[in-house]
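Structure below is protein-v8.pdb: PDB, C-alpha atoms and all ligand atoms.
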```
MODEL        1
ATOM      1  CA  MET R  18     181.972 -13.030-123.577
ATOM      2  CA  PRO R  19     180.152  -9.896-124.704
ATOM      3  CA  VAL R  20     181.047  -6.687-122.967
ATOM      4  CA  ALA R  21     177.693  -5.280-122.048
ATOM      5  CA  SER R  22     178.673  -2.580-119.624
ATOM      6  CA  ASP R  23     181.384  -0.941-117.648
ATOM      7  CA  VAL R  24     181.090  -1.348-113.908
ATOM      8  CA  GLU R  25     182.543   1.443-111.846
ATOM      9  CA  GLU R  26     180.474   1.471-108.661
ATOM     10  CA  PRO R  27     178.077  -0.855-106.869
ATOM     11  CA  THR R  28     174.625  -0.835-108.393
ATOM     12  CA  THR R  29     171.453  -0.001-106.528
ATOM     13  CA  ASP R  30     169.527  -2.944-105.056
ATOM     14  CA  ALA R  31     166.745  -2.447-107.608
ATOM     15  CA  GLU R  32     169.171  -2.579-110.527
ATOM     16  CA  ALA R  33     170.921  -5.609-109.092
ATOM     17  CA  ALA R  34     167.665  -7.482-108.558
ATOM     18  CA  ALA R  35     166.693  -6.785-112.149
ATOM     19  CA  GLU R  36     170.087  -7.388-113.702
ATOM     20  CA  GLY R  37     171.908  -9.964-111.560
ATOM     21  CA  LEU R  38     175.665  -9.649-111.390
ATOM     22  CA  PRO R  39     178.285  -8.096-113.685
ATOM     23  CA  ILE R  40     180.378 -11.115-114.640
ATOM     24  CA  ASN R  41     183.834 -10.858-116.156
ATOM     25  CA  GLU R  42     184.403 -14.610-116.532
ATOM     26  CA  VAL R  43     183.278 -18.053-115.353
ATOM     27  CA  PHE R  44     185.792 -20.881-115.754
ATOM     28  CA  TYR R  45     186.906 -24.286-114.514
ATOM     29  CA  SER R  46     190.443 -24.592-113.126
ATOM     30  CA  LEU R  47     192.449 -25.670-110.079
ATOM     31  CA  GLN R  48     192.377 -23.420-107.043
ATOM     32  CA  GLY R  49     195.770 -21.766-107.433
ATOM     33  CA  GLU R  50     196.061 -19.968-104.103
ATOM     34  CA  GLY R  51     195.615 -20.624-100.407
ATOM     35  CA  MET R  52     194.718 -23.584 -98.211
ATOM     36  CA  LEU R  53     192.773 -25.411-100.965
ATOM     37  CA  VAL R  54     195.466 -25.068-103.601
ATOM     38  CA  GLY R  55     195.086 -27.776-106.271
ATOM     39  CA  VAL R  56     191.376 -28.424-105.697
ATOM     40  CA  PRO R  57     189.288 -28.566-108.913
ATOM     41  CA  SER R  58     187.101 -25.485-108.760
ATOM     42  CA  MET R  59     184.670 -23.348-110.688
ATOM     43  CA  PHE R  60     185.584 -19.670-110.675
ATOM     44  CA  VAL R  61     183.018 -16.898-110.872
ATOM     45  CA  ARG R  62     184.673 -13.515-111.393
ATOM     46  CA  THR R  63     182.533 -10.438-110.838
ATOM     47  CA  SER R  64     183.491  -7.063-112.272
ATOM     48  CA  GLY R  65     184.000  -3.816-110.359
ATOM     49  CA  CYS R  66     186.171  -2.989-107.351
ATOM     50  CA  ASN R  67     186.273  -0.365-104.614
ATOM     51  CA  LEU R  68     190.109  -0.386-104.585
ATOM     52  CA  ARG R  69     192.813  -0.009-107.245
ATOM     53  CA  CYS R  70     195.946  -1.993-106.421
ATOM     54  CA  TRP R  71     198.687  -0.992-108.873
ATOM     55  CA  PHE R  72     199.568  -4.690-109.354
ATOM     56  CA  CYS R  73     196.011  -5.969-109.855
ATOM     57  CA  ASP R  74     196.165  -9.115-111.988
ATOM     58  CA  SER R  75     192.499  -8.681-112.939
ATOM     59  CA  TYR R  76     192.797  -5.289-114.639
ATOM     60  CA  HIS R  77     189.482  -5.726-116.475
ATOM     61  CA  THR R  78     187.567  -5.957-113.211
ATOM     62  CA  SER R  79     189.184  -2.999-111.478
ATOM     63  CA  TRP R  80     191.041  -0.386-113.565
ATOM     64  CA  GLU R  81     188.877  -1.016-116.633
ATOM     65  CA  PRO R  82     185.905  -2.995-115.377
ATOM     66  CA  THR R  83     184.121  -4.916-118.091
ATOM     67  CA  GLY R  84     181.595  -7.708-118.018
ATOM     68  CA  ALA R  85     178.167  -8.937-119.005
ATOM     69  CA  TRP R  86     175.229  -8.645-116.622
ATOM     70  CA  ARG R  87     174.006 -12.150-115.869
ATOM     71  CA  ASP R  88     171.222 -13.443-113.671
ATOM     72  CA  VAL R  89     172.037 -15.810-110.834
ATOM     73  CA  ASP R  90     170.187 -18.709-112.528
ATOM     74  CA  SER R  91     172.471 -18.624-115.556
ATOM     75  CA  ILE R  92     175.621 -18.414-113.415
ATOM     76  CA  VAL R  93     174.499 -21.390-111.306
ATOM     77  CA  ALA R  94     173.646 -23.350-114.477
ATOM     78  CA  GLU R  95     177.136 -22.763-115.863
ATOM     79  CA  VAL R  96     178.715 -23.821-112.562
ATOM     80  CA  GLN R  97     176.617 -27.004-112.587
ATOM     81  CA  SER R  98     177.651 -27.789-116.166
ATOM     82  CA  HIS R  99     181.155 -28.745-114.930
ATOM     83  CA  ASP R 100     180.323 -31.681-112.712
ATOM     84  CA  GLN R 101     183.964 -32.384-111.761
ATOM     85  CA  ALA R 102     183.948 -29.443-109.325
ATOM     86  CA  ASN R 103     182.302 -29.387-105.891
ATOM     87  CA  HIS R 104     184.060 -26.189-104.962
ATOM     88  CA  VAL R 105     183.296 -22.672-106.188
ATOM     89  CA  VAL R 106     185.572 -19.656-105.883
ATOM     90  CA  LEU R 107     183.732 -16.348-106.001
ATOM     91  CA  THR R 108     186.224 -13.624-106.862
ATOM     92  CA  GLY R 109     186.536 -10.382-108.779
ATOM     93  CA  GLY R 110     187.098  -7.480-108.786
ATOM     94  CA  GLU R 111     185.617  -7.237-105.343
ATOM     95  CA  PRO R 112     182.675  -9.668-105.206
ATOM     96  CA  LEU R 113     181.289  -8.272-101.950
ATOM     97  CA  ILE R 114     180.530  -4.827-103.384
ATOM     98  CA  HIS R 115     177.542  -6.612-104.993
ATOM     99  CA  GLU R 116     174.510  -7.406-102.827
ATOM    100  CA  GLU R 117     173.549 -10.061-105.382
ATOM    101  CA  SER R 118     176.678 -12.076-104.486
ATOM    102  CA  VAL R 119     174.790 -13.120-101.336
ATOM    103  CA  ASP R 120     171.993 -14.610-103.485
ATOM    104  CA  LEU R 121     174.532 -16.466-105.584
ATOM    105  CA  LEU R 122     176.262 -17.887-102.482
ATOM    106  CA  GLU R 123     172.896 -18.962-101.015
ATOM    107  CA  ARG R 124     172.001 -20.789-104.224
ATOM    108  CA  LEU R 125     175.395 -22.509-104.341
ATOM    109  CA  ALA R 126     175.158 -23.548-100.677
ATOM    110  CA  ALA R 127     171.662 -24.945-101.253
ATOM    111  CA  ASP R 128     173.112 -27.008-104.114
ATOM    112  CA  GLY R 129     175.792 -28.414-101.765
ATOM    113  CA  TYR R 130     178.822 -26.543-103.127
ATOM    114  CA  HIS R 131     181.767 -25.664-100.907
ATOM    115  CA  THR R 132     182.541 -21.975-101.424
ATOM    116  CA  THR R 133     185.583 -19.767-101.087
ATOM    117  CA  VAL R 134     185.177 -16.006-101.421
ATOM    118  CA  GLU R 135     188.262 -14.057-102.465
ATOM    119  CA  THR R 136     187.854 -10.591-100.965
ATOM    120  CA  ASN R 137     189.872  -7.547 -99.984
ATOM    121  CA  GLY R 138     188.123  -7.538 -96.586
ATOM    122  CA  THR R 139     186.670  -4.031 -96.723
ATOM    123  CA  ILE R 140     182.980  -5.012 -96.990
ATOM    124  CA  TYR R 141     181.153  -7.397 -94.674
ATOM    125  CA  ARG R 142     178.169  -9.393 -95.913
ATOM    126  CA  ASP R 143     176.190 -12.104 -94.167
ATOM    127  CA  ALA R 144     176.294 -15.086 -96.526
ATOM    128  CA  PRO R 145     176.976 -18.846 -96.531
ATOM    129  CA  ILE R 146     180.753 -18.655 -97.051
ATOM    130  CA  ASP R 147     182.838 -21.741 -96.227
ATOM    131  CA  ILE R 148     186.214 -19.994 -96.490
ATOM    132  CA  ALA R 149     186.691 -16.248 -96.389
ATOM    133  CA  SER R 150     189.946 -15.800 -98.270
ATOM    134  CA  ILE R 151     190.749 -12.271 -97.197
ATOM    135  CA  SER R 152     193.587 -10.383 -98.832
ATOM    136  CA  PRO R 153     193.949  -7.103 -96.908
ATOM    137  CA  LYS R 154     195.789  -4.556 -98.949
ATOM    138  CA  LEU R 155     199.118  -3.215 -97.701
ATOM    139  CA  ALA R 156     200.629   0.247 -98.233
ATOM    140  CA  SER R 157     202.779  -1.282-100.991
ATOM    141  CA  SER R 158     199.613  -1.877-103.078
ATOM    142  CA  THR R 159     198.751   1.825-103.328
ATOM    143  CA  PRO R 160     198.747   3.251-106.876
ATOM    144  CA  THR R 161     201.146   6.158-106.451
ATOM    145  CA  PRO R 162     201.686   8.287-109.592
ATOM    146  CA  ASP R 163     204.868   6.378-110.508
ATOM    147  CA  ARG R 164     203.068   3.013-110.287
ATOM    148  CA  ASP R 165     199.606   3.880-111.605
ATOM    149  CA  PRO R 166     198.924   1.507-114.543
ATOM    150  CA  LYS R 167     196.410   3.873-116.083
ATOM    151  CA  GLY R 168     196.570   7.482-115.007
ATOM    152  CA  ASP R 169     198.566   9.768-112.798
ATOM    153  CA  GLY R 170     197.766   8.685-109.258
ATOM    154  CA  GLU R 171     194.102   9.754-109.238
ATOM    155  CA  TRP R 172     193.205   6.687-107.136
ATOM    156  CA  GLU R 173     196.054   7.041-104.645
ATOM    157  CA  LYS R 174     194.104   8.861-101.913
ATOM    158  CA  LYS R 175     190.877   6.867-102.226
ATOM    159  CA  HIS R 176     192.754   3.552-102.247
ATOM    160  CA  GLU R 177     194.851   4.559 -99.247
ATOM    161  CA  GLU R 178     191.785   5.685 -97.263
ATOM    162  CA  ASN R 179     189.722   2.578 -98.015
ATOM    163  CA  ARG R 180     192.169  -0.307 -98.154
ATOM    164  CA  ILE R 181     191.699  -1.321 -94.491
ATOM    165  CA  ASP R 182     188.366  -1.309 -92.663
ATOM    166  CA  MET R 183     189.013  -2.878 -89.267
ATOM    167  CA  ASP R 184     185.294  -3.283 -88.470
ATOM    168  CA  ALA R 185     184.514  -5.181 -91.664
ATOM    169  CA  LEU R 186     187.728  -7.197 -91.442
ATOM    170  CA  SER R 187     187.178  -8.193 -87.808
ATOM    171  CA  GLN R 188     183.553  -9.121 -88.377
ATOM    172  CA  MET R 189     184.546 -11.347 -91.281
ATOM    173  CA  VAL R 190     187.265 -13.061 -89.233
ATOM    174  CA  ASP R 191     184.793 -13.613 -86.387
ATOM    175  CA  GLU R 192     182.019 -15.018 -88.596
ATOM    176  CA  TYR R 193     183.859 -17.191 -91.116
ATOM    177  CA  GLU R 194     186.656 -19.708 -91.369
ATOM    178  CA  THR R 195     189.380 -17.364 -92.545
ATOM    179  CA  GLN R 196     192.697 -17.227 -94.287
ATOM    180  CA  LEU R 197     194.500 -13.873 -94.361
ATOM    181  CA  LYS R 198     196.425 -13.893 -97.640
ATOM    182  CA  PHE R 199     198.892 -11.050 -98.029
ATOM    183  CA  VAL R 200     200.493 -10.126-101.336
ATOM    184  CA  VAL R 201     204.168  -9.558-100.550
ATOM    185  CA  THR R 202     206.168  -7.280-102.834
ATOM    186  CA  ASP R 203     209.324  -7.410-100.680
ATOM    187  CA  GLU R 204     210.452  -7.805 -97.075
ATOM    188  CA  SER R 205     209.538  -4.232 -96.162
ATOM    189  CA  ASP R 206     205.897  -5.431 -96.129
ATOM    190  CA  LEU R 207     206.455  -7.654 -93.082
ATOM    191  CA  PRO R 208     206.210  -5.105 -90.229
ATOM    192  CA  GLU R 209     202.838  -3.962 -91.571
ATOM    193  CA  ILE R 210     201.642  -7.579 -91.825
ATOM    194  CA  THR R 211     202.657  -8.525 -88.279
ATOM    195  CA  ASP R 212     201.097  -5.320 -86.939
ATOM    196  CA  LEU R 213     197.816  -5.909 -88.785
ATOM    197  CA  VAL R 214     197.660  -9.544 -87.634
ATOM    198  CA  GLU R 215     198.047  -8.384 -84.016
ATOM    199  CA  ARG R 216     195.342  -5.739 -84.473
ATOM    200  CA  VAL R 217     192.967  -8.363 -85.879
ATOM    201  CA  ARG R 218     193.718 -10.688 -82.947
ATOM    202  CA  THR R 219     192.963  -7.888 -80.495
ATOM    203  CA  ALA R 220     189.730  -6.937 -82.255
ATOM    204  CA  THR R 221     188.269 -10.451 -82.612
ATOM    205  CA  ALA R 222     187.050 -13.221 -80.343
ATOM    206  CA  SER R 223     188.262 -15.986 -82.650
ATOM    207  CA  THR R 224     191.705 -17.524 -82.781
ATOM    208  CA  LEU R 225     193.797 -16.526 -85.761
ATOM    209  CA  ALA R 226     196.691 -18.985 -85.879
ATOM    210  CA  ASP R 227     199.973 -18.122 -87.588
ATOM    211  CA  GLU R 228     199.191 -20.887 -90.122
ATOM    212  CA  ASP R 229     196.044 -18.973 -91.086
ATOM    213  CA  VAL R 230     198.278 -16.092 -92.209
ATOM    214  CA  LEU R 231     199.493 -16.693 -95.740
ATOM    215  CA  LEU R 232     202.249 -14.926 -97.635
ATOM    216  CA  MET R 233     201.838 -14.909-101.408
ATOM    217  CA  PRO R 234     204.517 -13.527-103.733
ATOM    218  CA  GLU R 235     203.482 -10.601-105.916
ATOM    219  CA  GLY R 236     203.600 -11.513-109.580
ATOM    220  CA  MET R 237     201.091 -11.647-112.382
ATOM    221  CA  MET R 238     203.478 -13.668-114.555
ATOM    222  CA  ARG R 239     206.053 -16.451-114.127
ATOM    223  CA  GLU R 240     209.067 -14.224-114.779
ATOM    224  CA  LYS R 241     208.149 -12.000-111.841
ATOM    225  CA  LEU R 242     207.380 -14.936-109.527
ATOM    226  CA  ASP R 243     210.729 -16.483-110.419
ATOM    227  CA  ARG R 244     212.322 -13.407-108.818
ATOM    228  CA  THR R 245     210.040 -13.151-105.745
ATOM    229  CA  ARG R 246     208.892 -16.589-104.550
ATOM    230  CA  SER R 247     212.082 -17.821-102.784
ATOM    231  CA  ARG R 248     212.415 -14.719-100.640
ATOM    232  CA  VAL R 249     208.702 -14.769 -99.727
ATOM    233  CA  ALA R 250     208.961 -18.459 -98.758
ATOM    234  CA  GLU R 251     211.903 -17.632 -96.468
ATOM    235  CA  LEU R 252     209.940 -14.798 -94.880
ATOM    236  CA  ALA R 253     207.033 -17.176 -94.206
ATOM    237  CA  MET R 254     209.402 -19.612 -92.475
ATOM    238  CA  GLU R 255     211.014 -16.846 -90.398
ATOM    239  CA  HIS R 256     207.632 -15.706 -89.061
ATOM    240  CA  GLY R 257     205.859 -19.075 -88.809
ATOM    241  CA  TYR R 258     203.318 -17.999 -91.417
ATOM    242  CA  ARG R 259     202.150 -20.189 -94.299
ATOM    243  CA  TYR R 260     203.475 -19.720 -97.823
ATOM    244  CA  THR R 261     201.084 -20.005-100.720
ATOM    245  CA  PRO R 262     202.227 -20.482-104.290
ATOM    246  CA  ARG R 263     200.359 -19.112-107.285
ATOM    247  CA  LEU R 264     199.886 -22.532-108.850
ATOM    248  CA  HIS R 265     197.844 -21.281-111.830
ATOM    249  CA  VAL R 266     200.633 -18.859-112.778
ATOM    250  CA  ASP R 267     203.246 -21.628-112.470
ATOM    251  CA  LEU R 268     201.098 -23.888-114.687
ATOM    252  CA  TRP R 269     199.550 -21.498-117.192
ATOM    253  CA  ASN R 270     201.235 -18.117-116.716
ATOM    254  CA  ASP R 271     198.653 -15.341-117.341
ATOM    255  CA  ALA R 272     196.446 -17.229-119.821
ATOM    256  CA  PRO R 273     192.798 -16.133-119.647
ATOM    257  CA  GLY R 274     190.328 -18.486-117.983
ATOM    258  CA  THR R 275     192.899 -20.157-115.718
TER     259      THR R 275
HETATM  260  C1  LIG R 301     192.095 -10.077-108.244
HETATM  261  S1  LIG R 301     191.871 -10.329-106.537
HETATM  262  C2  LIG R 301     190.087 -10.387-106.409
HETATM  263  C3  LIG R 301     189.578 -10.514-104.996
HETATM  264  C4  LIG R 301     189.709  -9.292-104.097
HETATM  265  N1  LIG R 301     189.479  -8.075-104.790
HETATM  266  C5  LIG R 301     191.074  -9.269-103.434
HETATM  267  O1  LIG R 301     191.899  -8.438-103.786
HETATM  268  O2  LIG R 301     191.286 -10.123-102.553
HETATM  269  C6  LIG R 301     192.284 -12.066-106.290
HETATM  270  C7  LIG R 301     193.569 -12.352-105.525
HETATM  271  O3  LIG R 301     194.669 -12.000-106.337
HETATM  272  C8  LIG R 301     195.622 -11.306-105.554
HETATM  273  N2  LIG R 301     196.447 -10.545-106.486
HETATM  274  C9  LIG R 301     196.052  -9.583-107.350
HETATM  275  N3  LIG R 301     197.075  -9.153-108.101
HETATM  276  C10 LIG R 301     198.158  -9.868-107.721
HETATM  277  C11 LIG R 301     199.531  -9.890-108.119
HETATM  278  N4  LIG R 301     200.014  -9.067-109.074
HETATM  279  N5  LIG R 301     200.343 -10.781-107.524
HETATM  280  C12 LIG R 301     199.891 -11.600-106.541
HETATM  281  N6  LIG R 301     198.622 -11.624-106.120
HETATM  282  C13 LIG R 301     197.768 -10.761-106.699
HETATM  283  C14 LIG R 301     194.755 -10.529-104.594
HETATM  284  O4  LIG R 301     195.460 -10.060-103.472
HETATM  285  C15 LIG R 301     193.717 -11.569-104.240
HETATM  286  O5  LIG R 301     194.211 -12.424-103.227
HETATM  287  N1  LIG R 302     193.460 -20.908-110.786
HETATM  288  C1  LIG R 302     193.195 -19.776-110.140
HETATM  289  N2  LIG R 302     193.151 -19.772-108.791
HETATM  290  C2  LIG R 302     192.798 -18.611-108.173
HETATM  291  N3  LIG R 302     192.625 -18.403-106.851
HETATM  292  C3  LIG R 302     192.230 -17.139-106.656
HETATM  293  C4  LIG R 302     192.116 -16.510-107.885
HETATM  294  C5  LIG R 302     191.586 -15.144-108.029
HETATM  295  O1  LIG R 302     191.797 -14.487-109.049
HETATM  296  O2  LIG R 302     190.911 -14.713-107.087
HETATM  297  C6  LIG R 302     192.498 -17.431-108.862
HETATM  298  C7  LIG R 302     192.615 -17.433-110.293
HETATM  299  O3  LIG R 302     192.454 -16.445-111.014
HETATM  300  N4  LIG R 302     192.948 -18.635-110.881
HETATM  301  S1  LIG R 303     191.299  -5.246-104.360
HETATM  302 FE1  LIG R 303     191.519  -7.118-105.613
HETATM  303  S2  LIG R 303     190.386  -6.719-107.539
HETATM  304 FE2  LIG R 303     190.569  -4.759-106.431
HETATM  305  S3  LIG R 303     192.333  -3.804-107.395
HETATM  306 FE3  LIG R 303     193.109  -4.924-105.584
HETATM  307  S4  LIG R 303     193.658  -6.977-106.312
HETATM  308 FE4  LIG R 303     192.424  -6.003-107.914
HETATM  309 MG    MG R 304     193.635 -14.419-110.078
ENDMDL
END
```
Before we go any further, please render this structure as structure tokens.
Amino acid sequence: MPVASDVEEPTTDAEAAAEGLPINEVFYSLQGEGMLVGVPSMFVRTSGCNLRCWFCDSYHTSWEPTGAWRDVDSIVAEVQSHDQANHVVLTGGEPLIHEESVDLLERLAADGYHTTVETNGTIYRDAPIDIASISPKLASSTPTPDRDPKGDGEWEKKHEENRIDMDALSQMVDEYETQLKFVVTDESDLPEITDLVERVRTATASTLADEDVLLMPEGMMREKLDRTRSRVAELAMEHGYRYTPRLHVDLWNDAPGT
């Protein structure tokens, strides 16, 4: 795919209307994470993010955002060209920084697709979303100078300030069928997870069951997951939360377009 532009910040509405969405990749695969794991799905990956997790497995949508601007018609046409999939995963980067993601979701809903949006939960948008797959970012995601994949901790403060927005998160949980999918680096993440789950329960009218809380092992590649998945599965059992594998990594490691 041609690299037409770098995407650092959300565009203005006028630019977005004229240009569509910055797209890093569109591909057909199996949903690798969460409650629909294994379901044949089309993936639409937007470029650009408002956070910078040190472990981000989509480096070219966050730390070095690249992509081609595409109009919604051409994205929908590519989704339709794989007629095995009735399910679309909109991901990124952070797809909800882009106003035009709402247009895309409306077009997909009108065409009868079931949609999952993978989001960090910091931006609320009103859109036809079947599953909000929210992955709130924990303190262990913060790019401190010793873990910054690119620089020297320049993003540490901004990431730390913006990684949780309780208003946006609560509104999303109230409006959409939700899974809260936490990336677990080790067991020291658990107190923060249980605390955040309780805060969400207090702030929302909807029921957030323990099974709607998912623990996912951190690991971009198989070798890392081999070291983390057993412990994360045990932690899920201890707390009554759900464990989610990273099926695509088990099957295809970090191959592009999977
Ligand atoms: C690249 S993010 C894009 C969507 C959105 N920005 C978010 O973070 O939820 C897609 C999913 O991958 C997860 N993820 C990113 N890097 C990971 C890693 N190294 N190990 C495990 N999960 C990771 C995120 O937490 C999120 O659930
Ligand atoms: N197969 C597959 N499943 C996924 N589920 C969520 C993904 C993501 O990057 O958001 C993802 C991904 O990148 N690949
Ligand atoms: S919020 Fe998502 S896309 Fe952004 S840096 Fe973190 S994992 Fe990557
Ligand atoms: Mg991924």
task = Name the residues captured by the PyMOL selection byres (((chain R and resi 181) around 12) and not hetatm) when it is applied to the shown file; answer as number ranges by chain.
result = R: 67-68, 136-140, 151-156, 158-159, 175-180, 182-187, 209, 213, 216-217
When the cut-off is 10 Å and you count only C-alpha atoms and all ligand atoms, which residues lie near ligand MG 304 (chain R), shown as a PDB file with C-alpha atoms, in the coordinates of the input?
```pdb
ATOM      1  CA  GLN R  48     192.377 -23.420-107.043  1.00  0.00           C
ATOM      2  CA  GLY R  49     195.770 -21.766-107.433  1.00  0.00           C
ATOM      3  CA  GLU R  50     196.061 -19.968-104.103  1.00  0.00           C
ATOM      4  CA  PHE R  60     185.584 -19.670-110.675  1.00  0.00           C
ATOM      5  CA  ARG R  62     184.673 -13.515-111.393  1.00  0.00           C
ATOM      6  CA  CYS R  73     196.011  -5.969-109.855  1.00  0.00           C
ATOM      7  CA  ASP R  74     196.165  -9.115-111.988  1.00  0.00           C
ATOM      8  CA  SER R  75     192.499  -8.681-112.939  1.00  0.00           C
ATOM      9  CA  THR R 108     186.224 -13.624-106.862  1.00  0.00           C
ATOM     10  CA  GLY R 109     186.536 -10.382-108.779  1.00  0.00           C
ATOM     11  CA  GLY R 110     187.098  -7.480-108.786  1.00  0.00           C
ATOM     12  CA  GLU R 135     188.262 -14.057-102.465  1.00  0.00           C
ATOM     13  CA  MET R 237     201.091 -11.647-112.382  1.00  0.00           C
ATOM     14  CA  ARG R 263     200.359 -19.112-107.285  1.00  0.00           C
ATOM     15  CA  HIS R 265     197.844 -21.281-111.830  1.00  0.00           C
ATOM     16  CA  VAL R 266     200.633 -18.859-112.778  1.00  0.00           C
ATOM     17  CA  ASP R 271     198.653 -15.341-117.341  1.00  0.00           C
ATOM     18  CA  PRO R 273     192.798 -16.133-119.647  1.00  0.00           C
ATOM     19  CA  GLY R 274     190.328 -18.486-117.983  1.00  0.00           C
ATOM     20  CA  THR R 275     192.899 -20.157-115.718  1.00  0.00           C
TER      21      THR R 275
END
```
query = Do you know which residues are at most 12 Å from Ala94 of chain R counting only C-alpha atoms, after dropping those on the same chain fewer than 3 positions away, and could you put them as a PyMOL selection string?
reply = chain R and resi 43+59+61+87-91+97-100+121+124-125+128
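Shortest separation to ligand LIG 303 (chain R) among R:Val54, R:Cys70, R:Ala250, R:Val93 occurs at residue R:Cys70, atoms counted being all atoms listed in the file.
When all atoms listed in the file are used to measure the gap to Val106 of chain R, the shortest distance among R:Thr133, R:Ser157, R:Gln188, R:Thr245 belongs to R:Thr133.
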